[in-house]
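J.: One file: start20.cif (mmCIF, C-alpha atoms).
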data_run
loop_
_atom_site.label_atom_id
_atom_site.label_comp_id
_atom_site.auth_asym_id
_atom_site.auth_seq_id
_atom_site.Cartn_x
_atom_site.Cartn_y
_atom_site.Cartn_z
CA MET A 1 -51.63 -29.03 39.17
CA ARG A 2 -51.66 -29.12 35.41
CA LEU A 3 -53.72 -26.63 33.49
CA GLN A 4 -56.21 -28.25 31.17
CA VAL A 5 -55.73 -26.73 27.73
CA VAL A 6 -58.43 -28.88 26.20
CA ILE A 7 -61.07 -26.56 24.89
CA ALA A 8 -64.18 -26.69 27.09
CA ALA A 9 -62.27 -28.78 29.62
CA SER A 10 -63.14 -26.63 32.58
CA VAL A 11 -66.34 -27.05 34.53
CA LEU A 12 -65.87 -23.45 35.55
CA ALA A 13 -67.23 -22.87 32.04
CA VAL A 14 -65.61 -20.34 29.77
CA ILE A 15 -64.05 -17.63 31.90
CA LEU A 16 -63.58 -15.29 28.98
CA ILE A 17 -67.28 -14.94 28.19
CA GLY A 18 -68.49 -15.11 31.75
CA LEU A 19 -70.52 -18.26 31.29
CA SER A 20 -70.54 -19.01 35.01
CA THR A 21 -72.90 -16.08 35.61
CA ASP A 22 -76.60 -16.77 35.41
CA VAL A 23 -79.05 -14.19 34.13
CA ASP A 24 -80.81 -13.50 37.42
CA GLY A 25 -77.70 -13.50 39.57
CA GLN A 26 -78.88 -16.61 41.41
CA SER A 27 -76.33 -18.88 43.02
CA THR A 28 -75.31 -21.71 40.72
CA ARG A 29 -72.56 -24.25 40.73
CA GLY A 30 -70.87 -22.17 38.05
CA VAL A 31 -71.08 -19.07 40.20
CA ARG A 32 -69.49 -20.90 43.10
CA ARG A 33 -66.56 -21.87 40.95
CA ARG A 34 -66.34 -18.42 39.48
CA ASN A 35 -66.14 -16.90 42.95
CA ARG A 36 -63.46 -19.38 43.90
CA PHE A 37 -61.42 -18.35 40.87
CA GLY A 38 -62.26 -14.69 41.24
CA ARG A 39 -61.06 -13.76 44.73
CA ILE A 40 -59.15 -10.52 44.61
CA GLY A 41 -56.91 -11.16 47.59
CA ARG A 42 -55.86 -8.55 50.12
CA THR A 43 -57.29 -5.07 50.22
CA GLY A 44 -55.27 -1.91 50.64
CA ARG A 45 -52.07 -1.07 48.83
CA SER A 46 -50.44 -3.75 46.77
CA ARG A 47 -46.83 -4.73 47.38
CA SER A 48 -46.31 -3.95 43.71
CA GLN A 49 -47.15 -0.31 44.17
CA THR A 50 -44.21 2.07 43.97
CA ARG A 51 -43.78 5.78 44.50
CA LEU A 52 -45.24 6.97 41.25
CA ARG A 53 -47.79 9.32 42.73
CA SER A 54 -47.84 12.86 41.41
CA GLY A 55 -45.74 15.23 43.47
CA ARG A 56 -43.32 12.55 44.70
CA GLY A 57 -40.21 12.37 42.62
CA ARG A 58 -41.95 12.80 39.26
CA GLY A 59 -42.59 16.50 38.92
CA GLY A 60 -45.56 16.74 41.27
CA ARG A 61 -47.84 19.68 41.64
CA GLY A 62 -45.99 21.89 44.10
CA GLY A 63 -45.39 25.59 43.53
CA SER A 64 -48.05 27.98 42.38
CA SER A 65 -51.70 26.94 42.25
CA SER A 66 -52.10 28.46 38.77
CA CYS A 67 -50.25 27.93 35.51
CA GLY A 68 -48.05 30.58 33.95
CA GLU A 69 -48.85 32.48 30.78
CA ASN A 70 -46.99 30.01 28.58
CA GLN A 71 -48.12 26.95 30.46
CA ARG A 72 -51.15 24.70 30.34
CA ARG A 73 -52.70 22.75 33.21
CA LYS A 74 -52.72 19.12 32.22
CA ARG A 75 -54.77 16.19 33.37
CA GLY A 76 -53.68 15.49 36.95
CA GLY A 77 -53.37 19.16 37.85
CA ARG A 78 -49.74 19.93 36.99
CA CYS A 79 -48.56 22.64 34.59
CA VAL A 80 -46.53 21.98 31.45
CA PRO A 81 -45.20 24.30 28.75
CA LYS A 82 -47.71 24.84 25.99
CA SER A 83 -45.00 23.78 23.56
CA GLN A 84 -45.32 20.24 25.02
CA ASP A 85 -49.10 20.25 24.67
CA PRO A 86 -50.02 22.76 21.92
CA LYS A 87 -53.52 21.40 21.39
CA GLY A 88 -54.36 20.61 24.99
CA VAL A 89 -54.52 16.89 24.29
CA LEU A 90 -52.90 15.93 27.59
CA ALA A 91 -55.51 17.87 29.53
CA LYS A 92 -58.43 16.03 27.99
CA LYS A 93 -60.21 13.50 30.19
CA GLY A 94 -59.63 10.01 28.89
CA SER A 95 -56.54 10.97 26.90
CA SER A 96 -54.44 7.95 26.01
CA GLY A 97 -51.16 9.87 25.82
CA PRO A 98 -48.61 9.74 28.65
CA LEU A 99 -47.87 12.90 30.57
CA PRO A 100 -44.40 14.38 30.97
CA GLY A 101 -42.77 12.96 34.09
CA ALA A 102 -45.22 10.05 34.15
CA PRO A 103 -44.21 6.41 34.63
CA ASN A 104 -43.23 4.89 31.31
CA LEU A 105 -44.71 1.75 29.83
CA ASN A 106 -41.91 -0.46 31.13
CA GLU A 107 -42.52 0.73 34.68
CA ILE A 108 -46.26 0.25 34.37
CA THR A 109 -45.75 -3.23 32.91
CA SER A 110 -43.55 -4.13 35.88
CA ILE A 111 -46.26 -2.97 38.28
CA VAL A 112 -48.88 -5.07 36.46
CA THR A 113 -46.60 -8.13 36.37
CA ARG A 114 -45.88 -7.99 40.10
CA TRP A 115 -49.55 -7.45 40.86
CA LEU A 116 -50.52 -10.59 38.93
CA ASP A 117 -47.66 -12.56 40.51
CA GLU A 118 -49.03 -11.80 43.97
CA ASN A 119 -52.22 -13.75 43.31
CA ALA A 120 -52.53 -16.17 40.38
CA GLU A 121 -56.29 -16.24 40.83
CA ARG A 122 -56.40 -12.75 39.34
CA ILE A 123 -55.44 -14.22 35.96
CA PRO A 124 -58.89 -15.49 34.85
CA ASN A 125 -60.65 -12.40 36.15
CA MET A 126 -58.38 -10.10 34.17
CA VAL A 127 -58.99 -12.10 30.99
CA GLN A 128 -62.72 -11.91 31.60
CA LEU A 129 -62.52 -8.20 32.44
CA VAL A 130 -60.76 -7.31 29.20
CA PHE A 131 -63.40 -9.23 27.27
CA HIS A 132 -66.28 -7.44 28.97
CA SER A 133 -64.63 -4.03 28.56
CA CYS A 134 -64.06 -4.66 24.85
CA VAL A 135 -67.66 -5.54 24.00
CA GLY A 136 -68.80 -2.38 22.27
CA GLY A 137 -65.21 -1.09 22.03
CA CYS A 138 -62.21 -1.41 24.36
CA ASP A 139 -62.83 1.64 26.57
CA GLY A 140 -61.68 0.17 29.89
CA CYS A 141 -65.13 0.38 31.46
CA ILE A 142 -67.92 -1.97 32.52
CA ASN A 143 -71.44 -1.37 33.75
CA THR A 144 -71.29 -2.44 37.40
CA ASN A 145 -75.10 -2.48 37.55
CA SER A 146 -75.31 -5.21 34.91
CA PRO A 147 -75.90 -8.76 36.21
CA SER A 148 -73.40 -9.99 33.60
CA ASN A 149 -70.65 -8.04 35.36
CA LYS A 150 -71.62 -9.04 38.89
CA GLY A 151 -68.62 -11.31 39.37
CA LEU A 152 -66.18 -8.63 38.17
CA ILE A 153 -67.13 -5.68 40.38
CA GLY A 154 -64.58 -6.30 43.12
CA SER A 155 -61.77 -6.95 40.67
CA TYR A 156 -62.68 -3.93 38.56
CA ARG A 157 -62.59 -1.61 41.55
CA GLU A 158 -59.20 -2.97 42.49
CA VAL A 159 -57.99 -2.38 38.93
CA GLN A 160 -59.30 1.19 38.99
CA ALA A 161 -57.46 1.86 42.25
CA LEU A 162 -54.22 0.39 40.92
CA TRP A 163 -54.47 2.49 37.76
CA LYS A 164 -55.34 5.69 39.63
CA ASN A 165 -52.55 5.32 42.19
CA GLU A 166 -49.78 3.95 39.99
CA ALA A 167 -50.37 4.44 36.27
CA LYS A 168 -52.97 7.12 35.51
CA GLN A 169 -50.39 9.69 34.45
CA GLY A 170 -48.77 7.33 31.97
CA ILE A 171 -51.57 5.32 30.34
CA SER A 172 -55.32 5.49 29.75
CA LEU A 173 -57.61 3.22 31.75
CA ALA A 174 -58.64 1.59 28.47
CA ASP A 175 -55.05 0.67 27.65
CA PHE A 176 -54.38 -0.35 31.26
CA VAL A 177 -57.21 -2.90 31.26
CA VAL A 178 -55.96 -4.37 27.98
CA LEU A 179 -52.40 -4.48 29.37
CA LEU A 180 -53.67 -6.38 32.42
CA GLY A 181 -55.49 -8.86 30.17
CA THR A 182 -52.43 -9.23 27.94
CA LYS A 183 -50.11 -9.97 30.85
CA ALA A 184 -52.69 -12.32 32.37
CA VAL A 185 -52.64 -14.32 29.13
CA GLU A 186 -48.84 -14.49 29.21
CA HIS A 187 -48.85 -15.53 32.88
CA GLY A 188 -51.44 -18.23 32.30
CA MET A 189 -49.64 -19.76 29.35
CA ARG A 190 -46.37 -20.18 31.17
CA ARG A 191 -47.89 -21.69 34.30
CA ASN A 192 -47.26 -25.37 34.99
CA GLY A 193 -48.78 -27.51 32.27
CA GLY A 194 -49.43 -24.63 29.90
CA PRO A 195 -48.01 -24.20 26.40
CA GLY A 196 -44.99 -22.32 27.68
CA PRO A 197 -43.69 -18.74 27.57
CA ARG A 198 -45.41 -16.51 25.04
CA THR A 199 -45.15 -12.83 24.26
CA VAL A 200 -48.41 -11.12 23.36
CA GLU A 201 -48.08 -7.85 21.47
CA PHE A 202 -49.44 -4.80 23.27
CA THR A 203 -50.15 -1.41 21.74
CA THR A 204 -51.55 1.80 23.22
CA GLY A 205 -53.90 4.39 21.79
CA ARG A 206 -57.30 3.44 23.22
CA THR A 207 -59.56 6.10 24.70
CA SER A 208 -61.29 5.50 28.02
CA CYS A 209 -64.98 6.10 28.61
CA SER A 210 -65.76 9.56 29.97
CA ASP A 211 -66.79 8.39 33.47
CA PRO A 212 -65.75 4.91 34.63
CA THR A 213 -67.67 5.35 37.90
CA ASN A 214 -70.97 5.95 36.12
CA TYR A 215 -70.86 3.77 33.01
CA LEU A 216 -74.42 2.92 32.02
CA LYS A 217 -74.08 1.28 28.62
CA VAL A 218 -75.83 -2.09 28.48
CA PHE A 219 -74.53 -4.98 26.39
CA ASN A 220 -75.80 -8.51 25.97
CA PHE A 221 -73.34 -11.25 26.84
CA PRO A 222 -73.66 -14.94 25.98
CA GLN A 223 -75.04 -17.04 28.82
CA GLY A 224 -73.87 -20.51 29.80
CA GLN A 225 -77.25 -22.12 29.27
CA ASN A 226 -77.27 -21.06 25.62
CA THR A 227 -75.24 -22.26 22.65
CA ASP A 228 -74.45 -19.06 20.74
CA ALA A 229 -70.99 -18.25 22.16
CA ILE A 230 -69.08 -18.87 18.91
CA GLU A 231 -71.47 -16.74 16.88
CA PHE A 232 -71.22 -13.98 19.50
CA LEU A 233 -67.43 -13.84 19.30
CA MET A 234 -67.44 -13.79 15.50
CA SER A 235 -70.10 -11.09 15.17
CA HIS A 236 -69.03 -8.77 18.01
CA PHE A 237 -65.27 -8.88 17.54
CA GLY A 238 -64.90 -9.70 13.88
CA ILE A 239 -63.22 -13.05 14.56
CA PRO A 240 -62.89 -14.32 10.98
CA SER A 241 -63.24 -18.07 11.51
CA ARG A 242 -64.85 -20.61 13.81
CA GLY A 243 -61.48 -22.16 14.56
CA LEU A 244 -60.17 -18.88 15.97
CA ALA A 245 -63.37 -18.42 17.97
CA VAL A 246 -63.03 -21.91 19.45
CA ALA A 247 -59.42 -21.12 20.34
CA LEU A 248 -60.53 -17.91 22.06
CA MET A 249 -63.01 -19.87 24.15
CA GLY A 250 -60.04 -21.79 25.53
CA ALA A 251 -59.27 -18.79 27.77
CA HIS A 252 -60.61 -20.76 30.73
CA SER A 253 -57.43 -22.85 30.67
CA LEU A 254 -55.47 -19.74 31.70
CA GLY A 255 -56.97 -19.82 35.18
CA VAL A 256 -56.08 -21.70 38.33
CA CYS A 257 -57.36 -25.19 37.57
CA ARG A 258 -58.19 -27.70 40.27
CA THR A 259 -58.93 -31.39 39.96
CA GLU A 260 -62.46 -31.03 41.30
CA ASN A 261 -63.49 -28.69 38.51
CA SER A 262 -61.37 -29.48 35.49
CA GLY A 263 -60.96 -32.22 32.95
CA SER A 264 -61.44 -32.96 29.28
CA MET A 265 -64.95 -33.29 27.94
CA LEU A 266 -63.60 -35.66 25.28
CA GLY A 267 -64.09 -39.28 26.24
CA THR A 268 -66.50 -38.42 29.09
CA THR A 269 -70.17 -39.33 29.28
CA TRP A 270 -72.20 -36.32 30.37
CA SER A 271 -75.75 -36.49 31.72
CA ILE A 272 -78.37 -33.74 31.75
CA THR A 273 -79.11 -32.49 35.25
CA ASP A 274 -80.88 -29.49 36.70
CA ALA A 275 -78.65 -26.63 37.81
CA PRO A 276 -79.08 -25.43 41.40
CA GLY A 277 -82.29 -23.44 41.62
CA ASN A 278 -83.70 -25.34 38.62
CA GLU A 279 -83.28 -22.23 36.48
CA PHE A 280 -81.70 -24.18 33.62
CA THR A 281 -79.96 -27.46 32.88
CA GLN A 282 -76.32 -28.43 32.90
CA TRP A 283 -74.27 -31.51 32.05
CA SER A 284 -72.71 -33.59 34.82
CA ALA A 285 -70.20 -36.43 34.93
CA ASN A 286 -70.21 -39.29 37.41
CA ASP A 287 -67.17 -37.87 39.20
CA GLY A 288 -68.89 -34.59 40.04
CA ARG A 289 -67.58 -32.42 37.21
CA MET A 290 -70.08 -30.31 35.31
CA MET A 291 -70.32 -28.34 32.09
CA LEU A 292 -72.77 -25.81 30.78
CA ASN A 293 -74.52 -26.05 27.44
CA ALA A 294 -72.08 -23.57 25.90
CA ASP A 295 -69.17 -25.87 26.79
CA LEU A 296 -70.59 -29.14 25.57
CA HIS A 297 -72.00 -27.59 22.43
CA LEU A 298 -68.43 -27.39 21.11
CA GLN A 299 -68.52 -31.19 20.95
CA ARG A 300 -72.21 -32.08 20.59
CA ASP A 301 -74.90 -30.56 18.39
CA PHE A 302 -78.14 -29.71 20.16
CA ALA A 303 -80.64 -26.90 20.52
CA VAL A 304 -81.87 -25.54 23.82
CA ASN A 305 -85.42 -24.59 24.64
CA SER A 306 -86.08 -25.29 28.30
CA ARG A 307 -83.84 -28.37 28.02
CA PRO A 308 -81.32 -29.67 25.47
CA SER A 309 -82.99 -31.24 22.44
CA CYS A 310 -81.11 -34.53 22.91
CA GLY A 311 -80.02 -36.69 25.81
CA PRO A 312 -80.33 -37.66 28.57
CA ILE A 313 -76.65 -38.52 27.97
CA SER A 314 -74.22 -36.77 25.65
CA GLU A 315 -73.62 -39.85 23.48
CA ARG A 316 -77.17 -39.56 22.20
CA CYS A 317 -76.42 -36.16 20.70
CA GLN A 318 -74.77 -35.93 17.31
CA GLU A 319 -71.28 -34.50 17.10
CA ASN A 320 -71.00 -30.81 16.35
CA GLY A 321 -69.37 -31.01 12.95
CA ASN A 322 -68.59 -27.28 12.97
CA ASP A 323 -66.41 -27.25 16.07
CA VAL A 324 -65.46 -30.68 17.42
CA ASN A 325 -62.51 -31.07 15.07
CA PHE A 326 -61.05 -27.82 16.38
CA VAL A 327 -61.53 -29.14 19.91
CA ARG A 328 -59.53 -32.25 19.06
CA GLN A 329 -56.91 -30.25 17.17
CA PHE A 330 -56.22 -27.90 20.06
CA ALA A 331 -56.44 -30.66 22.66
CA ASN A 332 -53.65 -32.51 20.88
CA ASN A 333 -51.43 -29.50 20.20
CA GLN A 334 -51.08 -26.85 22.88
CA GLN A 335 -48.64 -24.80 20.80
CA ASP A 336 -51.16 -24.56 17.97
CA TRP A 337 -53.88 -23.55 20.41
CA ALA A 338 -51.66 -20.87 21.97
CA ALA A 339 -50.80 -19.36 18.59
CA GLN A 340 -54.43 -19.29 17.44
CA PHE A 341 -55.66 -17.98 20.78
CA ILE A 342 -53.20 -15.07 20.72
CA ARG A 343 -54.20 -14.24 17.16
CA ALA A 344 -57.90 -14.12 18.15
CA PHE A 345 -57.13 -12.20 21.36
CA LEU A 346 -55.30 -9.47 19.43
CA ILE A 347 -58.28 -9.09 17.12
CA MET A 348 -60.56 -8.73 20.12
CA VAL A 349 -58.51 -6.05 21.92
CA SER A 350 -58.06 -4.03 18.71
CA LYS A 351 -61.76 -3.14 18.70
CA ARG A 352 -62.10 0.61 19.33
#
Spell out the structure here as structure tokens.
T.:
Amino acid sequence: MRLQVVIAASVLAVILIGLSTDVDGQSTRGVRRRNRFGRIGRTGRSRSQTRLRSGRGRGGRGGSSSCGENQRRKRGGRCVPKSQDPKGVLAKKGSSGPLPGAPNLNEITSIVTRWLDENAERIPNMVQLVFHSCVGGCDGCINTNSPSNKGLIGSYREVQALWKNEAKQGISLADFVVLLGTKAVEHGMRRNGGPGPRTVEFTTGRTSCSDPTNYLKVFNFPQGQNTDAIEFLMSHFGIPSRGLAVALMGAHSLGVCRTENSGSMLGTTWSITDAPGNEFTQWSANDGRMMLNADLHLQRDFAVNSRPSCGPISERCQENGNDVNFVRQFANNQQDWAAQFIRAFLIMVSKR
């Protein structure tokens, strides 16, 4: 099955900005597709997990329950010479520095890679997760009480468990979430029909939130029934141009595309229909595909009150002169899209 790299080609809507989630958490066609893409697979230990737990081959606790006079108890409970941690940085909660004897970045990257390989449907969720955790600063945390994060709760808990069991001693949760998103991007691009192998730069140094299990910050995310996604990306992440923002919205093509919910919006006539529950409207094609307002607005220019300001078919709406040329550009050149997407992605994950 070929991935559709055409921007706004997926009727899943834009995975990156969570446009398949409605405000009230009601079931919608978008939610159904999101859930289909967002299964987290088996529970329990992952095959990718290796013996990196503290106390097993990597200088575990063991020995005395207290540290010596010239030692300091570090995060994770083990003692290290004060000369290795003169300022107590390693003992601080949320520290981004690796601990002595911890798995190195290459080992952690291998764990992440194998974990993604086990279930390709994790790819879109990890891209969406890194976006949500970077709104307000990439701290590796999301508010699980927020309706906007409803579809990520299961995946986020699985990520937390993987980090705690396999990588906590070597990398902060904030960096770990970004690493997962980075490798998800690389995996998606080299899947069948994608632009081919790409290497996305990854750097450490982010600080995690103080308590990932009780993260109460509330952020507003763009919703699929609205048309402000581009402006959101530019204002919240400092994306410097509309072209880069349009490229970033192409993250949905990194998922597991299926014929029943993918296809280019270019050259298709879309009709306004009511979404399930009649909470808002969506755009539907004769073959059953659908798009949300945020998708189609990349091609057509319209406002939304209770319904789009034009219609009932897309051809009666004027072209969106700001974005449609970028849509065509990236649809015709996957390599260009990949390069611009990576550039925008790196800007996004650099927000601290």
J.: Evaluate the PyMOL selection byres ((chain A and resi 320) around 10) and record the selected residues as a CSV table (one decimal) with C-alpha atoms, keeping the file's coordinate frame, following the chain and residue labels used in the document.
T.:
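Written file, selection38.csv:
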chain,number,residue,atom,x,y,z
A,296,LEU,CA,-70.6,-29.1,25.6
A,297,HIS,CA,-72.0,-27.6,22.4
A,298,LEU,CA,-68.4,-27.4,21.1
A,299,GLN,CA,-68.5,-31.2,21.0
A,300,ARG,CA,-72.2,-32.1,20.6
A,301,ASP,CA,-74.9,-30.6,18.4
A,302,PHE,CA,-78.1,-29.7,20.2
A,317,CYS,CA,-76.4,-36.2,20.7
A,318,GLN,CA,-74.8,-35.9,17.3
A,319,GLU,CA,-71.3,-34.5,17.1
A,321,GLY,CA,-69.4,-31.0,13.0
A,322,ASN,CA,-68.6,-27.3,13.0
A,323,ASP,CA,-66.4,-27.2,16.1
A,324,VAL,CA,-65.5,-30.7,17.4
A,325,ASN,CA,-62.5,-31.1,15.1
J.: When the PyMOL selection byres ((chain A and resi 201) around 12) is applied to the file above, which residues end up in the set, as a list in words?
T.: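 With the PyMOL selection byres ((chain A and resi 201) around 12) on this model, the match is Val178, Leu179, Gly181, Thr182, Lys183, Val185, Glu186, Arg198, Thr199, Val200, Phe202, Thr203, Thr204, Ile342, Arg343, Phe345, Leu346, Ile347, Val349 and Ser350 of chain A.
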J.: Smallest atom-to-atom distance to Asn293 of chain A: which of A:Cys310, A:Leu173, A:Gln225, A:Gln329, using only C-alpha atoms?
T.: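 Closest candidate: A:Gln225.
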J.: From the list A:Gly140, A:Gly154, A:Gly196, A:Pro124, which residue is nearest Ser172 of chain A when using only C-alpha atoms?
T.: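 Closest residue, counting only C-alpha atoms: A:Gly140.
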J.: On this structure, which residues satisfy the PyMOL selection byres ((chain A and resi 270) around 9), written as a ChimeraX atom specification?
T.: /A:265,268-269,271-272,283-286,290-291,296,312-315
J.: Kindly indicate which residue among A:Ala331, A:Ala339, A:Leu216, A:Val246 lies nearest to Thr144 of chain A, using all atoms listed in the file for the distances.
T.: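 So, comparing all the options, the nearest one is A:Leu216.
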J.: To one decimal in Å, tell me the separation between atom CA of Ala184 of chain A and atom CA of Asp336 of chain A.
T.: 19.0 Å
